[in-house]
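Below: one structure, written as structure tokens.
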Amino acid sequence: MNASEILTACCKDSLLLSTFALRHETEQNGISEAVIRNRFDRMLTVMETSAAEARQNPVRSVSGLTGGDAFLYEQYRSASLLGETVSLAVACALSCSEINASMGKIVACPTAGSCGIVPAAVLAVSSSKGLDREKQINALLCAGLVGQIIGEHACLAGAQGGCQAECGSASAMAAAAVVELLGGSPEQSFDAAAIAIKNSLGLVCDPVAGLVEIPCIKRNVGGVVNALSAADLALAGIHSRIPFDDTVDALNRVGRQLPTSLRETAMGGLATTAAGIQLAEQIKQ
Amino acid sequence: MPVPSLFDIMGPIMIGPSSSHTAGAARLGKMAYKLAGGDIRRVVMYLHGSFAATYRGHGTDKALLAGLLNLNPSDERLRDSFQIAAEKGISYEFIPTDLGENVHPNTVRFVITDSRGETFEIMGSSIGGGQVVVSEIDGMEVNFTGERPIIITAHQDTPGVLSHITTLLFERDINIGDMRVTRSREDKSAHMYIELDSLCGQDLTAAIRCIPGITRVKLLLPIEESDVPGKENP
Ligand code: SF4
């Protein structure tokens with residue numbers, strides 16, 4: 001299954017990507033649409049909580065290395081450079097990621113390390129445009145479909161493809177979701193997803209002390225801002241000169257070319273900077 | 001890779017921070033809990049590879065113990081498992097170690113002591129995305145992923161025991177998916193691992209227990225829907 005096949009199918013029957021995703025899942029795995037929607041509804045509830053919790057009360061990670069940033073940013077947000085929607089998305093991304101690092105409840109989408117990007121984009125845009133729950137669930141279905149294509153033709157794990165495969169994929173999923181949320185076409189969704197991947201290509205996975213904290217939490221912020229700007233371009237009618245399926249192919253090849261040291265082993269990148277090493281030493285004690 | 005399901009991408013709903021180090025660890029703990037029949041007084045966990053290197057920061061220790069307390073990977077009490085274990089009078093210890101070269105990097109060996117003072121050992125790995133596999137039970141190589149029921153027995157290594165068991169399965173029309181026997185020369189004891197194609201009831205284990213020569217029987221049912229990350233009940 002790839003984007004060009006999906007676009008042909010959507011064009012023929014004038015389907016939304018979310019509708020395609022529902023039908024495809026029902027056909028493949030025999031789960032009824034009602035059950036799928038129900039499970040997504042539960043995920044949305046968990047997303048709402050995790051996107052809010054760490055903004056309201058500061059949380060600390062299990063290791064003690066990180067925490068409190070979502071709270072800090074929320075206090076500052078009214079003065080933010082980014083405007084209401086984007087600053088809310090940044091705050092939500094920080095919150096989900098900090099909740100994850102503190103052993104709180106999150107929805108892996110596609111992974112736990114990148115769990116802030118899709119919820120932050122969908123929740124912030126829905127909140128500022130006053131969009132209902134059904135639309136939000138559709139957006140999540142659309143995000144899932146984009147992830148399915150990446151999972152089939154590349155990969156979604158930092159250990160396999162670097163952070164471009166986790167936060168990059170999440171960004172692409174979120175970008176496509178936001179386009180559908182705002183009434184864009186399936187084609188525009190894939191344009192947005194392609195742009196998001198292009199802007200994350202090559203991102204390495206280099207977590208300090210091997211923990212899903214530094215740089216992961218802030219990469220969720222980068223990921224959601226990337227997603228929103230990609231969606232904005234696509235909604236303006238700007239095309240990606242490289243089609244989505246080709247960007248996934250690039251993601252896959254770049255992932256394979258990344259050395260092991262930059263694929264979650266904490267043996268390169270930020271993990272082996274002076275400060276990274278020092279932080280790792282610090283938590284050993 | 002084949003097309004992943006929508007739910008492989010979106011979800012599971014889980015307790016962070018890592019699907020393999022936290023959610024998978026909780027699942028492994030839960031499998032050990034079931035194998036122990038829920039009766040656990042003390043447990044020592046030997047942590048290997050990445051489990052050994054990052055278990056504190058990823059909460060792998062809390063998650064393993066939470067599973068042993070029968071909590072699901074999406075249960076928010078995961079982070080309080082040390083305290084819950086203390087309240088229940090269950091003692092525990094974590095020992096980072098090296099379990100060997102060809103062992104998966106996210107592996108744990110549980111040594112569990114029950115209330116009668118009997119101990120047994122389970123080894124399992126978290127193989128990514130919250131999926132797990134139990135690879136050894138009491139020294140016997142197995143490959144249990146929680147999808148199909150298994151029966152494990154300890155018996156005296158005398159003729160007839162095996163055919164007795166297979167007859168009981170045949171009478172109940174239960175097909176055998178996989179079966180392994182390991183024997184120890186010294187004490188003439190043997191272990192058997194049988195993977196079943198369909199569900200069976202506790203009456204089967206009761207019947208097996210009555211076979212002369214059988215010293216121990218355990219039945220492990222598939223991990224129910226509600227235990228699988230992302231498929232929890234409302
Ligand atoms: S740096 Fe690695 S562990 Fe962190 S979010 Fe990116 S892929 Fe995941």
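Quick note on naming: the chains in the structure tokens go A, B, ... in the order shown, residues restart at 1 in each chain, and ligands are numbered from 1 in order of appearance.
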| Could you write out, as a VMD selection string, all the residues of region 37-150 of chain B that DSSP marks as helix (DSSP H, G or I)? | chain B and resid 50 to 54 60 to 68 76 to 87
Could you save those same residues with N, CA and C atoms as a PDB file, in the first residue's frame?
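That gives us out.pdb:
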```pdb
ATOM      1  N   SER B  50      20.639  -4.059  27.643  1.00  0.00           N
ATOM      2  CA  SER B  50      20.097  -2.719  27.796  1.00  0.00           C
ATOM      3  C   SER B  50      19.195  -2.635  29.039  1.00  0.00           C
ATOM      4  N   PHE B  51      18.584  -3.748  29.401  1.00  0.00           N
ATOM      5  CA  PHE B  51      17.808  -3.780  30.651  1.00  0.00           C
ATOM      6  C   PHE B  51      18.739  -3.472  31.834  1.00  0.00           C
ATOM      7  N   ALA B  52      19.938  -4.058  31.800  1.00  0.00           N
ATOM      8  CA  ALA B  52      20.890  -3.839  32.888  1.00  0.00           C
ATOM      9  C   ALA B  52      21.392  -2.398  32.889  1.00  0.00           C
ATOM     10  N   ALA B  53      21.590  -1.847  31.693  1.00  0.00           N
ATOM     11  CA  ALA B  53      22.206  -0.520  31.585  1.00  0.00           C
ATOM     12  C   ALA B  53      21.245   0.612  31.946  1.00  0.00           C
ATOM     13  N   THR B  54      19.959   0.471  31.609  1.00  0.00           N
ATOM     14  CA  THR B  54      19.050   1.620  31.753  1.00  0.00           C
ATOM     15  C   THR B  54      17.813   1.325  32.601  1.00  0.00           C
ATOM     16  N   THR B  60      12.218   0.184  34.207  1.00  0.00           N
ATOM     17  CA  THR B  60      12.075  -1.247  33.891  1.00  0.00           C
ATOM     18  C   THR B  60      11.858  -2.041  35.177  1.00  0.00           C
ATOM     19  N   ASP B  61      12.575  -1.645  36.238  1.00  0.00           N
ATOM     20  CA  ASP B  61      12.442  -2.339  37.521  1.00  0.00           C
ATOM     21  C   ASP B  61      11.015  -2.250  38.060  1.00  0.00           C
ATOM     22  N   LYS B  62      10.456  -1.036  38.030  1.00  0.00           N
ATOM     23  CA  LYS B  62       9.088  -0.845  38.529  1.00  0.00           C
ATOM     24  C   LYS B  62       8.084  -1.602  37.669  1.00  0.00           C
ATOM     25  N   ALA B  63       8.326  -1.576  36.361  1.00  0.00           N
ATOM     26  CA  ALA B  63       7.390  -2.228  35.439  1.00  0.00           C
ATOM     27  C   ALA B  63       7.422  -3.751  35.608  1.00  0.00           C
ATOM     28  N   LEU B  64       8.615  -4.329  35.741  1.00  0.00           N
ATOM     29  CA  LEU B  64       8.716  -5.780  35.934  1.00  0.00           C
ATOM     30  C   LEU B  64       7.970  -6.195  37.190  1.00  0.00           C
ATOM     31  N   LEU B  65       8.235  -5.445  38.251  1.00  0.00           N
ATOM     32  CA  LEU B  65       7.609  -5.773  39.525  1.00  0.00           C
ATOM     33  C   LEU B  65       6.091  -5.585  39.449  1.00  0.00           C
ATOM     34  N   ALA B  66       5.647  -4.529  38.761  1.00  0.00           N
ATOM     35  CA  ALA B  66       4.212  -4.279  38.609  1.00  0.00           C
ATOM     36  C   ALA B  66       3.546  -5.464  37.911  1.00  0.00           C
ATOM     37  N   GLY B  67       4.197  -5.987  36.870  1.00  0.00           N
ATOM     38  CA  GLY B  67       3.655  -7.155  36.179  1.00  0.00           C
ATOM     39  C   GLY B  67       3.528  -8.331  37.126  1.00  0.00           C
ATOM     40  N   LEU B  68       4.542  -8.502  37.982  1.00  0.00           N
ATOM     41  CA  LEU B  68       4.515  -9.592  38.962  1.00  0.00           C
ATOM     42  C   LEU B  68       3.416  -9.384  40.001  1.00  0.00           C
ATOM     43  N   GLU B  76      -1.742   2.882  35.725  1.00  0.00           N
ATOM     44  CA  GLU B  76      -0.934   3.974  36.260  1.00  0.00           C
ATOM     45  C   GLU B  76      -0.271   3.671  37.599  1.00  0.00           C
ATOM     46  N   ARG B  77      -0.671   2.562  38.216  1.00  0.00           N
ATOM     47  CA  ARG B  77      -0.008   2.188  39.478  1.00  0.00           C
ATOM     48  C   ARG B  77       1.376   1.565  39.249  1.00  0.00           C
ATOM     49  N   LEU B  78       1.736   1.398  37.973  1.00  0.00           N
ATOM     50  CA  LEU B  78       3.055   0.831  37.642  1.00  0.00           C
ATOM     51  C   LEU B  78       4.177   1.521  38.413  1.00  0.00           C
ATOM     52  N   ARG B  79       4.100   2.844  38.469  1.00  0.00           N
ATOM     53  CA  ARG B  79       5.212   3.571  39.086  1.00  0.00           C
ATOM     54  C   ARG B  79       5.249   3.406  40.606  1.00  0.00           C
ATOM     55  N   ASP B  80       4.153   2.903  41.185  1.00  0.00           N
ATOM     56  CA  ASP B  80       4.115   2.721  42.643  1.00  0.00           C
ATOM     57  C   ASP B  80       4.352   1.266  43.031  1.00  0.00           C
ATOM     58  N   SER B  81       4.886   0.457  42.117  1.00  0.00           N
ATOM     59  CA  SER B  81       4.921  -0.977  42.364  1.00  0.00           C
ATOM     60  C   SER B  81       5.815  -1.361  43.550  1.00  0.00           C
ATOM     61  N   PHE B  82       6.891  -0.592  43.805  1.00  0.00           N
ATOM     62  CA  PHE B  82       7.772  -0.931  44.939  1.00  0.00           C
ATOM     63  C   PHE B  82       6.962  -0.905  46.235  1.00  0.00           C
ATOM     64  N   GLN B  83       6.171   0.158  46.338  1.00  0.00           N
ATOM     65  CA  GLN B  83       5.367   0.343  47.543  1.00  0.00           C
ATOM     66  C   GLN B  83       4.285  -0.745  47.659  1.00  0.00           C
ATOM     67  N   ILE B  84       3.626  -1.043  46.535  1.00  0.00           N
ATOM     68  CA  ILE B  84       2.565  -2.062  46.561  1.00  0.00           C
ATOM     69  C   ILE B  84       3.154  -3.425  46.954  1.00  0.00           C
ATOM     70  N   ALA B  85       4.337  -3.738  46.417  1.00  0.00           N
ATOM     71  CA  ALA B  85       4.981  -5.012  46.757  1.00  0.00           C
ATOM     72  C   ALA B  85       5.310  -5.060  48.245  1.00  0.00           C
ATOM     73  N   ALA B  86       5.795  -3.945  48.772  1.00  0.00           N
ATOM     74  CA  ALA B  86       6.134  -3.893  50.193  1.00  0.00           C
ATOM     75  C   ALA B  86       4.886  -4.130  51.043  1.00  0.00           C
ATOM     76  N   GLU B  87       3.768  -3.503  50.651  1.00  0.00           N
ATOM     77  CA  GLU B  87       2.518  -3.683  51.389  1.00  0.00           C
ATOM     78  C   GLU B  87       2.061  -5.141  51.368  1.00  0.00           C
TER      79      GLU B  87
END
```
| request: For region 254-271 of chain A, please output as a list in words all residues within 9 Å (counting only C-alpha atoms; exclusion window: fewer than 4 positions along the same chain). | output: Ala154, Cys155, Ala157, Gly158, Ala159, Gln160, Gly161, Gly162, Cys163, Gln164, Ala165, Leu201, Gly202, Val204, Cys205, Asp206, Pro207, Val208, Ala209, Gly210, Leu211, Ile214, Pro215, Asp249, Ala250, Ala275, Gly276, Ile277 and Ala280 of chain A
| request: Compile the residues of chain B that lie within 6 Å of chain A, evaluated using only C-alpha atoms, and express the compilation as a VMD selection string. | output: chain B and resid 1 to 4 6 9 to 18 57
Neighbours of region 201-209 of chain B within 9 Å (only C-alpha atoms; same-chain residues fewer than 5 positions away dropped), as an mmCIF file with N, CA and C atoms, in the first residue's frame?
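Output (selection_1.cif):
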```
data_model
loop_
_atom_site.group_PDB
_atom_site.id
_atom_site.type_symbol
_atom_site.label_atom_id
_atom_site.label_comp_id
_atom_site.auth_asym_id
_atom_site.auth_seq_id
_atom_site.Cartn_x
_atom_site.Cartn_y
_atom_site.Cartn_z
ATOM 1 N N ILE B 151 1.117 -25.887 28.521
ATOM 2 C CA ILE B 151 1.142 -26.682 29.750
ATOM 3 C C ILE B 151 2.584 -27.060 30.012
ATOM 4 N N THR B 153 4.998 -29.411 32.593
ATOM 5 C CA THR B 153 4.965 -30.413 33.658
ATOM 6 C C THR B 153 6.378 -30.726 34.130
ATOM 7 N N HIS B 164 0.496 -40.937 28.370
ATOM 8 C CA HIS B 164 -0.644 -40.659 29.235
ATOM 9 C C HIS B 164 -1.172 -39.238 28.994
ATOM 10 N N ILE B 165 -0.245 -38.308 28.945
ATOM 11 C CA ILE B 165 -0.640 -36.906 28.752
ATOM 12 C C ILE B 165 -1.240 -36.696 27.369
ATOM 13 N N LEU B 168 -4.751 -37.873 27.191
ATOM 14 C CA LEU B 168 -5.706 -36.936 27.808
ATOM 15 C C LEU B 168 -6.056 -35.806 26.834
ATOM 16 N N LEU B 169 -5.054 -35.317 26.102
ATOM 17 C CA LEU B 169 -5.305 -34.238 25.143
ATOM 18 C C LEU B 169 -6.165 -34.749 23.990
ATOM 19 N N ARG B 172 -9.757 -34.992 24.657
ATOM 20 C CA ARG B 172 -10.442 -33.701 24.682
ATOM 21 C C ARG B 172 -10.401 -32.993 23.331
ATOM 22 N N ILE B 214 3.849 -37.721 37.838
ATOM 23 C CA ILE B 214 3.816 -36.265 37.636
ATOM 24 C C ILE B 214 4.054 -35.563 38.972
ATOM 25 N N THR B 215 4.981 -34.625 38.980
ATOM 26 C CA THR B 215 5.227 -33.912 40.231
ATOM 27 C C THR B 215 4.707 -32.476 40.209
ATOM 28 N N ARG B 216 4.595 -31.910 39.008
ATOM 29 C CA ARG B 216 4.111 -30.535 38.959
ATOM 30 C C ARG B 216 3.470 -30.262 37.595
ATOM 31 N N VAL B 217 2.378 -29.511 37.597
ATOM 32 C CA VAL B 217 1.720 -29.128 36.340
ATOM 33 C C VAL B 217 1.389 -27.646 36.387
ATOM 34 N N LYS B 218 1.665 -26.979 35.312
ATOM 35 C CA LYS B 218 1.251 -25.585 35.212
ATOM 36 C C LYS B 218 0.556 -25.358 33.888
ATOM 37 N N LEU B 219 -0.530 -24.615 33.958
ATOM 38 C CA LEU B 219 -1.235 -24.256 32.732
ATOM 39 C C LEU B 219 -1.128 -22.754 32.579
#
```
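A straight line drawn from CA of Val181 (chain B) to CA of Glu121 (chain B) is 16.7 Å long.
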| request: Find the spatial neighbours of Thr97 (chain B), counting only C-alpha atoms, within a cut-off of 9 Å - ignore same-chain residues fewer than 3 positions away - and output them as a ChimeraX atom specification. | output: /B:46-49,52
Just-selected residues, C-alpha atoms written as a PDB file, in the first residue's frame:
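Listing of again12.pdb after writing:
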```pdb
ATOM      1  CA  TYR B  46      18.686 -10.713  36.729  1.00  0.00           C
ATOM      2  CA  LEU B  47      18.819  -7.954  34.115  1.00  0.00           C
ATOM      3  CA  HIS B  48      20.792  -8.307  30.919  1.00  0.00           C
ATOM      4  CA  GLY B  49      22.033  -5.918  28.219  1.00  0.00           C
ATOM      5  CA  ALA B  52      20.890  -3.839  32.888  1.00  0.00           C
TER       6      ALA B  52
END
```
| field | Residue among A:Glu53, A:Asp41, A:Glu84, A:Asp191 lying closest to Ala175 (chain A), counting only C-alpha atoms | value | A:Asp191
| message | Need to verify the contact set: Gln56 (chain A), 8 Å, only C-alpha atoms, exclusion of same-chain residues closer than 4 positions in sequence. Can you return it as a list in words? | response | Ala52, Phe71 and Glu74 of chain A
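Across the model, the gap from atom 4 (Fe, counted along the ligand's line) of ligand 1 to CA of Arg241 (chain A) is 29.1 Å.
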| task | Find the residues near Glu195 (chain B): any atom within 12 Å, counting only C-alpha atoms, skip ones fewer than 5 places away on the same chain, and give them as number ranges by chain. | result | B: 142-153, 166, 169, 174-181, 200, 218-222
| task | Tell me which protein, DNA and RNA residues are within 9 Å of Asn70 (chain B), counting only C-alpha atoms, leaving out same-chain ones fewer than 6 positions away, and put them as a PyMOL selection string. | result | chain B and resi 26+29-31+33-34+38
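Taking CA of Leu88 (chain A) and CA of Ala51 (chain A) as endpoints, the distance between them is 9.8 Å.
All residues of region 39-240 of chain A that DSSP, run on the backbone, classes as strand (DSSP E or B) are Arg60, Gly67, Lys105, Ile106, Val107 and Cys205 of chain A.
Across A:Gly130, A:Gly168, A:Pro119, A:Gly183, the tightest approach to ligand 1 is made by A:Gly168 when counting only C-alpha atoms and all ligand atoms.
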